[in-house]
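Data block below; observations after.
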Amino acid sequence: MTTLPSSTSSVRGAGGYSPILSVDDLYVEFRTRENVVNAVNGISYTVSQGETLAILGESGSGKSVSAQAIMGILDTPPAQIPHGEIWFEGRNLLTLSAEEQRKVRGPGISMIFQDALSSLNPVYSVGFQIGEMFRAHRGMSRKEAKQQAVELMDRVRIPAAAQRVNDYPHQFSGGMRQRVMIAMAIALDPKILIADEPTTALDVTVQAQVMDLLKDLQRETGMGLVLITHDLGVVNEVADNVAVMYAGRIVERGTVDDVFTNPAHPYTDGLMNSVPQVEVKGGRLQPITGQPPNLSKIPSGCPFHPRCSRRRLGAEALPGRDCAGDRPPLRLVVPGREAACHYSEEVLGV
Amino acid sequence: MTDQQQQDLIHDEVEAGTTTGLASPSVDVTSDRQNSLWSDAWKSLKRNPLFWIGAVLGVIFTLMAIAPQMFARGADPRDCNLSNSRVLPSAEHWFGYDQQGCDYLANVVYGARNSLIIGVVAVLVLLVLGVAVGAIGGYYGGAIDGLFSRVADIFYAIPTILGALVLLKVGPSTNLPVISDRGPGAVALALALFGWMTAMRLVRSQVIAVKSSDYVAAARAMGASSPRILVRHILPNAVAPVLVYATITIGVLIAAEATLTYLGVGLQRPAISWGLQIDAGQDLLRTAPHLVLFPSLILTLTVMAFIMMGDALRDALDPRQRS
């Protein structure tokens, strides 16, 4: 039992629907001349209709790479997917032809990116770019597509949409640009929207609105939202479930409330302790010591053990649960909660 | 920050509840705005004196090519009288007469047509070749790119003038359709065949640079197909430097045509060409310097006109450099 198959995962979508997207034991590696970088190492998760799953992790934990693998926009080579399945509407995306995969992108799964300015083509007006979704996928005429673009811009609350439809990306502010990206991404009513750090490049005030907008749109359309972020605040506000990633693995998974209030993995615990608290003024933050692992030389056993304060090595460890030698599987710890730690019960305090 | 961005920010802040927005200046968002890439480029071009000098000269030479009789002051370049041989310029005949006693102004003016046709046609052929090969090589990469790039390297090893010279020299002895007739088409084709590599490298490097940009990844994530991404998203962003290069190259190739013709492999008599005129005039440089001076002067002005327009275009076409 290395990983739980996603279909038997105990963590369910908020609405209790059956999953639309399910990722099963996905691996992604980057082969360079010198070494192999193991960016994603067997992750599984599901997203149901109306569910918001947050994938939380630090830089290099594999959260963006796994999203790009789902979208099929990894550059291969150097990236390779040696193992795994990505099920969407009854089809394994990884076995589809490039053309079939392309047809899923847009109407099936769509994505928004971190930096909206560089994700928009500078030589076309925003209306043209939003309209391109309709022209390319639905064969609309230019005029119809533009009309649709204006409606979408209204929907994502861009003021004076009819006047601004002919403006260029560089004439918009950061928050408005991200709205344009969102308008493009939801144009074809995707079943799943992957948001790769959608608010990282924005001011704090604008961040909140963009997240509110995504939440409202999700309520209207019932799409599943995969929110990739390293922002604990954003996760807390909008997500139903959270999967915490470390070194290309999911180390803990559960509902946001459970995971945030009572972590079952020492890494999650460390993350929560490193958040500044308004009430505790003047105190020192508790950082997680050490460095994130080198993905071409992931530590044996639990990848987090060199940084873990609760590690048990050699004689201290229970049989078969040596943190440096035995890799902990993602397992059910208490109902609704999975964690990949030999000693989760101790961390949880149950 | 532009007015519009200011407006956006105010809207963002109002919605976030960090300001009431009441004190914000009113900006009329309904006012007409013209801001396509080309209208913005035009706005910038209009302010550039370099562009205007080049454009005015360019228009004059283009008109000269289309309707030379308008500029020849009533003289016919073929109406010659040997008694006028090598007469120096006068108020009546501005450029004087050539050795055959033909009006020289009329001859120089009628020479514009061949030069311009060859320059423009050669650049068009060169662009089609360069853009197609460069875009495909740059976008698909790998073995195709390697092959295309090495072919370009091989052509680079042959100087344009030398390659065109050999091709035009052996052309008449072949049965090839355009090459064998030694007309303007042959000269244009010869120049394009040995001059497409720079355009190809420009396009290729631009395509490679643009290919990895986020908006191409975004287009892929939205389900755009490869041909659509290449034609719609990459090429328009890669085209600006190529357009600049093409404008300058028209001038350069006009000079190259004159060179080839001067060397005796380009256009042949009785065609009227600046290269032929310079060639005929060089032996008489001491007695009738105007026979070399005037065609050279006009040739230089033509080349300069295109280079100035190209320079101005380069400044105007980059939307990110505009303030």
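Just remember, in the structure tokens the first chain shown is A, the second B, etc., residues are 1-based per chain, and ligands are 1-based in the order shown.
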Check: What's the 9 Å shell around Met140 in chain A, counting only C-alpha atoms, without same-chain residues fewer than 6 positions away, as a ChimeraX atom specification?
Finding: /A:131-132,134
Margin query: Using only C-alpha atoms and a cut-off of 6 Å, which residues of chain B sit close to chain A? Please list them as a ChimeraX atom specification.
Written below: /B:5,8,16,214-215,218,221-223
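Interatomic distance, CA of Val125 in chain B to CA of Leu276 in chain B: 24.3 Å.
Here the strand (DSSP E or B) residues in range 78-108 of chain A, by DSSP on the backbone, are Ala79, Gln80, Ile81, Pro82, His83, Gly84, Glu85, Ile86, Trp87, Phe88, Arg91, Asn92 and Arg105 of chain A.
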With N, CA and C atoms kept, could you save the residues just selected as a PDB file, in the first residue's frame?
```pdb
ATOM      1  N   ALA A  79      10.377  17.224 -19.809  1.00  0.00           N
ATOM      2  CA  ALA A  79       9.489  16.573 -18.849  1.00  0.00           C
ATOM      3  C   ALA A  79       9.021  15.220 -19.385  1.00  0.00           C
ATOM      4  N   GLN A  80       8.804  14.285 -18.460  1.00  0.00           N
ATOM      5  CA  GLN A  80       8.264  12.989 -18.834  1.00  0.00           C
ATOM      6  C   GLN A  80       7.281  12.532 -17.775  1.00  0.00           C
ATOM      7  N   ILE A  81       6.270  11.819 -18.199  1.00  0.00           N
ATOM      8  CA  ILE A  81       5.315  11.262 -17.246  1.00  0.00           C
ATOM      9  C   ILE A  81       5.469   9.752 -17.314  1.00  0.00           C
ATOM     10  N   PRO A  82       6.322   9.179 -16.451  1.00  0.00           N
ATOM     11  CA  PRO A  82       6.597   7.745 -16.554  1.00  0.00           C
ATOM     12  C   PRO A  82       5.441   6.892 -16.056  1.00  0.00           C
ATOM     13  N   HIS A  83       4.576   7.478 -15.220  1.00  0.00           N
ATOM     14  CA  HIS A  83       3.547   6.647 -14.609  1.00  0.00           C
ATOM     15  C   HIS A  83       2.390   7.535 -14.183  1.00  0.00           C
ATOM     16  N   GLY A  84       1.201   7.014 -14.214  1.00  0.00           N
ATOM     17  CA  GLY A  84       0.066   7.751 -13.683  1.00  0.00           C
ATOM     18  C   GLY A  84      -1.102   7.798 -14.646  1.00  0.00           C
ATOM     19  N   GLU A  85      -2.235   8.159 -14.097  1.00  0.00           N
ATOM     20  CA  GLU A  85      -3.443   8.290 -14.900  1.00  0.00           C
ATOM     21  C   GLU A  85      -4.138   9.590 -14.504  1.00  0.00           C
ATOM     22  N   ILE A  86      -4.719  10.250 -15.509  1.00  0.00           N
ATOM     23  CA  ILE A  86      -5.509  11.445 -15.237  1.00  0.00           C
ATOM     24  C   ILE A  86      -6.868  11.221 -15.881  1.00  0.00           C
ATOM     25  N   TRP A  87      -7.859  10.958 -15.046  1.00  0.00           N
ATOM     26  CA  TRP A  87      -9.184  10.643 -15.562  1.00  0.00           C
ATOM     27  C   TRP A  87     -10.047  11.889 -15.569  1.00  0.00           C
ATOM     28  N   PHE A  88     -10.637  12.135 -16.734  1.00  0.00           N
ATOM     29  CA  PHE A  88     -11.560  13.262 -16.856  1.00  0.00           C
ATOM     30  C   PHE A  88     -12.720  12.804 -17.723  1.00  0.00           C
ATOM     31  N   ARG A  91     -12.336   9.408 -19.376  1.00  0.00           N
ATOM     32  CA  ARG A  91     -11.218   9.130 -20.273  1.00  0.00           C
ATOM     33  C   ARG A  91      -9.900   9.446 -19.582  1.00  0.00           C
ATOM     34  N   ASN A  92      -8.904   8.615 -19.819  1.00  0.00           N
ATOM     35  CA  ASN A  92      -7.576   8.888 -19.280  1.00  0.00           C
ATOM     36  C   ASN A  92      -6.863   9.844 -20.234  1.00  0.00           C
ATOM     37  N   ARG A 105      -8.893  20.853 -23.503  1.00  0.00           N
ATOM     38  CA  ARG A 105      -8.462  22.147 -22.951  1.00  0.00           C
ATOM     39  C   ARG A 105      -9.396  23.241 -23.454  1.00  0.00           C
TER      40      ARG A 105
END
```
Next item on the list: One decimal, Å: what's the distance from CA of Ser39 in chain B over to CA of Arg314 in chain B, could you say?
Entry: 14.7 Å
Counting only C-alpha atoms, what is within 9 Å of Val259 in chain A, bar same-chain residues fewer than 2 positions away, as a PDB file with N, CA and C atoms, in the first residue's frame?
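What follows is the written file part30.pdb:
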```pdb
ATOM      1  N   ASN A 241     -11.346  21.605   0.513  1.00  0.00           N
ATOM      2  CA  ASN A 241     -10.360  20.615   0.914  1.00  0.00           C
ATOM      3  C   ASN A 241      -8.977  21.124   0.561  1.00  0.00           C
ATOM      4  N   VAL A 242      -8.002  20.596   1.245  1.00  0.00           N
ATOM      5  CA  VAL A 242      -6.641  21.017   0.961  1.00  0.00           C
ATOM      6  C   VAL A 242      -5.744  19.784   0.894  1.00  0.00           C
ATOM      7  N   GLU A 252      -0.375  15.561   3.296  1.00  0.00           N
ATOM      8  CA  GLU A 252      -1.558  15.579   4.145  1.00  0.00           C
ATOM      9  C   GLU A 252      -2.747  16.045   3.336  1.00  0.00           C
ATOM     10  N   ARG A 253      -3.899  15.490   3.633  1.00  0.00           N
ATOM     11  CA  ARG A 253      -5.095  15.865   2.901  1.00  0.00           C
ATOM     12  C   ARG A 253      -6.299  15.795   3.817  1.00  0.00           C
ATOM     13  N   GLY A 254      -7.184  16.765   3.677  1.00  0.00           N
ATOM     14  CA  GLY A 254      -8.391  16.766   4.502  1.00  0.00           C
ATOM     15  C   GLY A 254      -9.166  18.037   4.246  1.00  0.00           C
ATOM     16  N   THR A 255     -10.197  18.267   5.029  1.00  0.00           N
ATOM     17  CA  THR A 255     -10.920  19.529   4.876  1.00  0.00           C
ATOM     18  C   THR A 255     -10.045  20.643   5.434  1.00  0.00           C
ATOM     19  N   VAL A 256     -10.265  21.847   4.920  1.00  0.00           N
ATOM     20  CA  VAL A 256      -9.412  22.960   5.314  1.00  0.00           C
ATOM     21  C   VAL A 256      -9.491  23.196   6.818  1.00  0.00           C
ATOM     22  N   ASP A 257     -10.707  23.157   7.346  1.00  0.00           N
ATOM     23  CA  ASP A 257     -10.870  23.423   8.772  1.00  0.00           C
ATOM     24  C   ASP A 257     -10.070  22.439   9.610  1.00  0.00           C
ATOM     25  N   THR A 261      -6.713  23.559  11.710  1.00  0.00           N
ATOM     26  CA  THR A 261      -6.806  23.639  13.166  1.00  0.00           C
ATOM     27  C   THR A 261      -5.997  22.544  13.839  1.00  0.00           C
ATOM     28  N   ASN A 262      -5.879  21.399  13.181  1.00  0.00           N
ATOM     29  CA  ASN A 262      -5.197  20.296  13.844  1.00  0.00           C
ATOM     30  C   ASN A 262      -4.416  19.460  12.838  1.00  0.00           C
ATOM     31  N   PRO A 263      -3.226  19.908  12.468  1.00  0.00           N
ATOM     32  CA  PRO A 263      -2.471  19.206  11.434  1.00  0.00           C
ATOM     33  C   PRO A 263      -2.063  17.801  11.872  1.00  0.00           C
ATOM     34  N   ALA A 264      -2.007  16.896  10.919  1.00  0.00           N
ATOM     35  CA  ALA A 264      -1.614  15.525  11.221  1.00  0.00           C
ATOM     36  C   ALA A 264      -0.221  15.209  10.707  1.00  0.00           C
ATOM     37  N   THR A 268       2.923  20.198   7.893  1.00  0.00           N
ATOM     38  CA  THR A 268       1.771  21.092   7.966  1.00  0.00           C
ATOM     39  C   THR A 268       1.788  21.851   9.285  1.00  0.00           C
ATOM     40  N   ASP A 269       2.124  21.122  10.337  1.00  0.00           N
ATOM     41  CA  ASP A 269       2.219  21.732  11.661  1.00  0.00           C
ATOM     42  C   ASP A 269       3.233  22.879  11.632  1.00  0.00           C
ATOM     43  N   ARG A 337      -9.359  12.257   7.030  1.00  0.00           N
ATOM     44  CA  ARG A 337      -8.011  12.838   7.050  1.00  0.00           C
ATOM     45  C   ARG A 337      -6.965  11.805   6.688  1.00  0.00           C
TER      46      ARG A 337
END
```
Notebook entry, point to check: Got a sec: who's within 12 Å of Met70 in chain B, counting only C-alpha atoms, leaving out chain neighbours fewer than 2 positions off, as a PyMOL selection string?
Noted result: chain B and resi 60-68+72-76+105-106+109-110
Store the residues picked out above, limited to C-alpha atoms, as a PDB file, in the first residue's frame.
```pdb
ATOM      1  CA  ILE B  60       8.502  60.521 -54.881  1.00  0.00           C
ATOM      2  CA  PHE B  61      10.501  57.521 -56.092  1.00  0.00           C
ATOM      3  CA  THR B  62       7.437  55.299 -56.139  1.00  0.00           C
ATOM      4  CA  LEU B  63       5.555  57.859 -58.239  1.00  0.00           C
ATOM      5  CA  MET B  64       8.620  58.065 -60.452  1.00  0.00           C
ATOM      6  CA  ALA B  65       8.436  54.311 -60.967  1.00  0.00           C
ATOM      7  CA  ILE B  66       4.715  54.345 -61.704  1.00  0.00           C
ATOM      8  CA  ALA B  67       4.508  57.466 -63.901  1.00  0.00           C
ATOM      9  CA  PRO B  68       7.993  58.533 -65.001  1.00  0.00           C
ATOM     10  CA  ALA B  72      10.871  63.745 -67.137  1.00  0.00           C
ATOM     11  CA  ARG B  73       9.909  67.312 -68.035  1.00  0.00           C
ATOM     12  CA  GLY B  74       8.455  66.211 -71.341  1.00  0.00           C
ATOM     13  CA  ALA B  75      11.567  64.469 -72.589  1.00  0.00           C
ATOM     14  CA  ASP B  76      11.584  60.927 -73.983  1.00  0.00           C
ATOM     15  CA  LEU B 105      16.956  63.427 -66.555  1.00  0.00           C
ATOM     16  CA  ALA B 106      14.458  61.307 -68.483  1.00  0.00           C
ATOM     17  CA  VAL B 109      13.803  58.997 -63.932  1.00  0.00           C
ATOM     18  CA  TYR B 110      12.848  56.012 -66.071  1.00  0.00           C
TER      19      TYR B 110
END
```
Next item on the list: Give me the residues within 9 Å of range 226-239 of chain B as a ChimeraX atom specification, counting only C-alpha atoms and dropping any in the same chain fewer than 3 places off.
Entry: /A:121-124,136 /B:131,135-136,139,202-207,209-211,215-216,219-220,242-244
Check: Which polymer residues have any atom within 6 Å of an atom of Gly275 in chain B, counting only C-alpha atoms, with same-chain residues fewer than 3 positions away left out, as an MDAnalysis selection string?
Finding: chainID B and resid 258 261:262 278
Can those selected residues be exported to a file as a tab-separated table (two decimals), in the first residue's frame so that it contains C-alpha atoms?
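Generated file (out-v3.tsv):
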```
chain	number	residue	atom	x	y	z
B	258	ALA	CA	22.74	48.36	-59.40
B	261	THR	CA	23.93	45.46	-63.43
B	262	TYR	CA	27.12	47.51	-63.24
B	278	ILE	CA	26.86	54.35	-63.90
```
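Once Ala280 in chain B and its same-chain neighbours fewer than 4 positions away are set aside, B:Asp98, B:Gln99, B:Tyr262, B:Trp274, B:Gly275, B:Leu276, B:Leu284, B:Leu285, B:Leu291, B:Val292 remain within 10 Å of it when counting only C-alpha atoms.
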Using only N, CA and C atoms, please write the residues we just selected to a file, as a PDB file, in the first residue's frame.
```pdb
ATOM      1  N   ASP B  98      23.413  62.313 -72.206  1.00  0.00           N
ATOM      2  CA  ASP B  98      24.435  61.263 -72.112  1.00  0.00           C
ATOM      3  C   ASP B  98      25.205  61.160 -73.430  1.00  0.00           C
ATOM      4  N   GLN B  99      26.064  60.151 -73.554  1.00  0.00           N
ATOM      5  CA  GLN B  99      26.957  60.060 -74.710  1.00  0.00           C
ATOM      6  C   GLN B  99      26.194  59.911 -76.024  1.00  0.00           C
ATOM      7  N   TYR B 262      25.847  46.857 -62.950  1.00  0.00           N
ATOM      8  CA  TYR B 262      27.121  47.510 -63.236  1.00  0.00           C
ATOM      9  C   TYR B 262      28.166  46.468 -63.644  1.00  0.00           C
ATOM     10  N   TRP B 274      19.883  52.308 -63.367  1.00  0.00           N
ATOM     11  CA  TRP B 274      20.935  53.158 -62.792  1.00  0.00           C
ATOM     12  C   TRP B 274      22.287  52.471 -62.872  1.00  0.00           C
ATOM     13  N   GLY B 275      22.288  51.181 -62.685  1.00  0.00           N
ATOM     14  CA  GLY B 275      23.548  50.445 -62.765  1.00  0.00           C
ATOM     15  C   GLY B 275      24.172  50.568 -64.145  1.00  0.00           C
ATOM     16  N   LEU B 276      23.344  50.433 -65.183  1.00  0.00           N
ATOM     17  CA  LEU B 276      23.844  50.552 -66.554  1.00  0.00           C
ATOM     18  C   LEU B 276      24.362  51.959 -66.821  1.00  0.00           C
ATOM     19  N   LEU B 284      33.736  58.119 -68.862  1.00  0.00           N
ATOM     20  CA  LEU B 284      33.732  59.529 -69.240  1.00  0.00           C
ATOM     21  C   LEU B 284      33.781  60.421 -68.011  1.00  0.00           C
ATOM     22  N   LEU B 285      34.249  59.848 -66.890  1.00  0.00           N
ATOM     23  CA  LEU B 285      34.163  60.552 -65.615  1.00  0.00           C
ATOM     24  C   LEU B 285      34.833  61.925 -65.666  1.00  0.00           C
ATOM     25  N   LEU B 291      27.381  62.229 -65.674  1.00  0.00           N
ATOM     26  CA  LEU B 291      26.819  60.942 -66.101  1.00  0.00           C
ATOM     27  C   LEU B 291      26.906  59.892 -64.986  1.00  0.00           C
ATOM     28  N   VAL B 292      27.893  60.025 -64.106  1.00  0.00           N
ATOM     29  CA  VAL B 292      27.970  59.124 -62.949  1.00  0.00           C
ATOM     30  C   VAL B 292      27.257  59.741 -61.747  1.00  0.00           C
TER      31      VAL B 292
END
```
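As for CA of Leu214 in chain A and CA of Arg179 in chain A, they are spaced 9.4 Å apart.
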Next item on the list: Apply DSSP to the backbone of this structure and, from range 128-252 of chain A, keep only the residues in alpha helix (DSSP H); write these as a PyMOL selection string.
Entry: chain A and resi 128-138+142-155+161-164+174-186+204-221+232-238
Using C-alpha atoms, can you write the selected residues to a file as a short mmCIF file (atom, residue, chain, number, x, y, z; two decimals), in the first residue's frame?
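Done, and the output landed in again-v4.cif:
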```cif
data_model
loop_
_atom_site.label_atom_id
_atom_site.label_comp_id
_atom_site.auth_asym_id
_atom_site.auth_seq_id
_atom_site.Cartn_x
_atom_site.Cartn_y
_atom_site.Cartn_z
CA PHE A 128 -10.21 39.83 -29.47
CA GLN A 129 -8.43 37.41 -27.17
CA ILE A 130 -11.52 36.53 -25.17
CA GLY A 131 -13.45 36.24 -28.42
CA GLU A 132 -10.85 33.89 -29.84
CA MET A 133 -12.16 31.21 -27.49
CA PHE A 134 -15.51 31.38 -29.26
CA ARG A 135 -14.07 31.70 -32.74
CA ALA A 136 -11.65 28.80 -32.33
CA HIS A 137 -13.83 26.40 -30.38
CA ARG A 138 -17.33 27.33 -31.51
CA ARG A 142 -15.88 38.05 -35.24
CA LYS A 143 -18.92 40.14 -34.42
CA GLU A 144 -20.68 37.47 -32.37
CA ALA A 145 -17.46 36.62 -30.57
CA LYS A 146 -16.92 40.24 -29.62
CA GLN A 147 -20.46 40.46 -28.30
CA GLN A 148 -19.80 37.39 -26.18
CA ALA A 149 -16.52 38.91 -25.00
CA VAL A 150 -18.32 42.00 -23.74
CA GLU A 151 -20.83 39.85 -21.87
CA LEU A 152 -18.03 37.85 -20.28
CA MET A 153 -16.19 41.00 -19.28
CA ASP A 154 -19.38 42.15 -17.59
CA ARG A 155 -19.61 38.81 -15.85
CA ALA A 161 -16.80 46.52 -20.60
CA ALA A 162 -18.29 47.70 -23.87
CA GLN A 163 -15.79 50.57 -24.02
CA ARG A 164 -12.81 48.58 -22.86
CA GLY A 174 -3.21 44.08 -12.54
CA GLY A 175 -6.55 43.13 -11.02
CA MET A 176 -8.42 43.86 -14.26
CA ARG A 177 -5.93 41.81 -16.26
CA GLN A 178 -6.48 38.82 -14.03
CA ARG A 179 -10.22 39.29 -14.60
CA VAL A 180 -9.60 39.19 -18.33
CA MET A 181 -7.69 35.92 -17.88
CA ILE A 182 -10.55 34.55 -15.81
CA ALA A 183 -13.04 35.62 -18.47
CA MET A 184 -11.05 33.69 -21.08
CA ALA A 185 -10.74 30.65 -18.85
CA ILE A 186 -14.47 30.42 -18.07
CA VAL A 204 -3.59 42.22 -1.12
CA THR A 205 -6.74 44.28 -1.60
CA VAL A 206 -7.15 43.12 -5.19
CA GLN A 207 -6.38 39.52 -4.22
CA ALA A 208 -9.50 39.34 -2.10
CA GLN A 209 -11.73 40.53 -4.94
CA VAL A 210 -10.28 38.11 -7.44
CA MET A 211 -10.81 35.23 -5.04
CA ASP A 212 -14.36 36.43 -4.36
CA LEU A 213 -14.98 36.57 -8.08
CA LEU A 214 -13.71 33.02 -8.58
CA LYS A 215 -15.87 31.84 -5.72
CA ASP A 216 -18.97 33.55 -7.15
CA LEU A 217 -18.34 32.16 -10.61
CA GLN A 218 -17.94 28.71 -9.14
CA ARG A 219 -21.26 29.06 -7.35
CA GLU A 220 -22.93 30.06 -10.64
CA THR A 221 -21.42 27.36 -12.83
CA LEU A 232 -2.36 29.92 3.63
CA GLY A 233 -4.79 32.83 3.96
CA VAL A 234 -6.26 32.28 0.52
CA VAL A 235 -6.68 28.57 1.21
CA ASN A 236 -8.43 29.24 4.48
CA GLU A 237 -10.91 31.62 2.86
CA VAL A 238 -12.02 29.80 -0.23
#
```
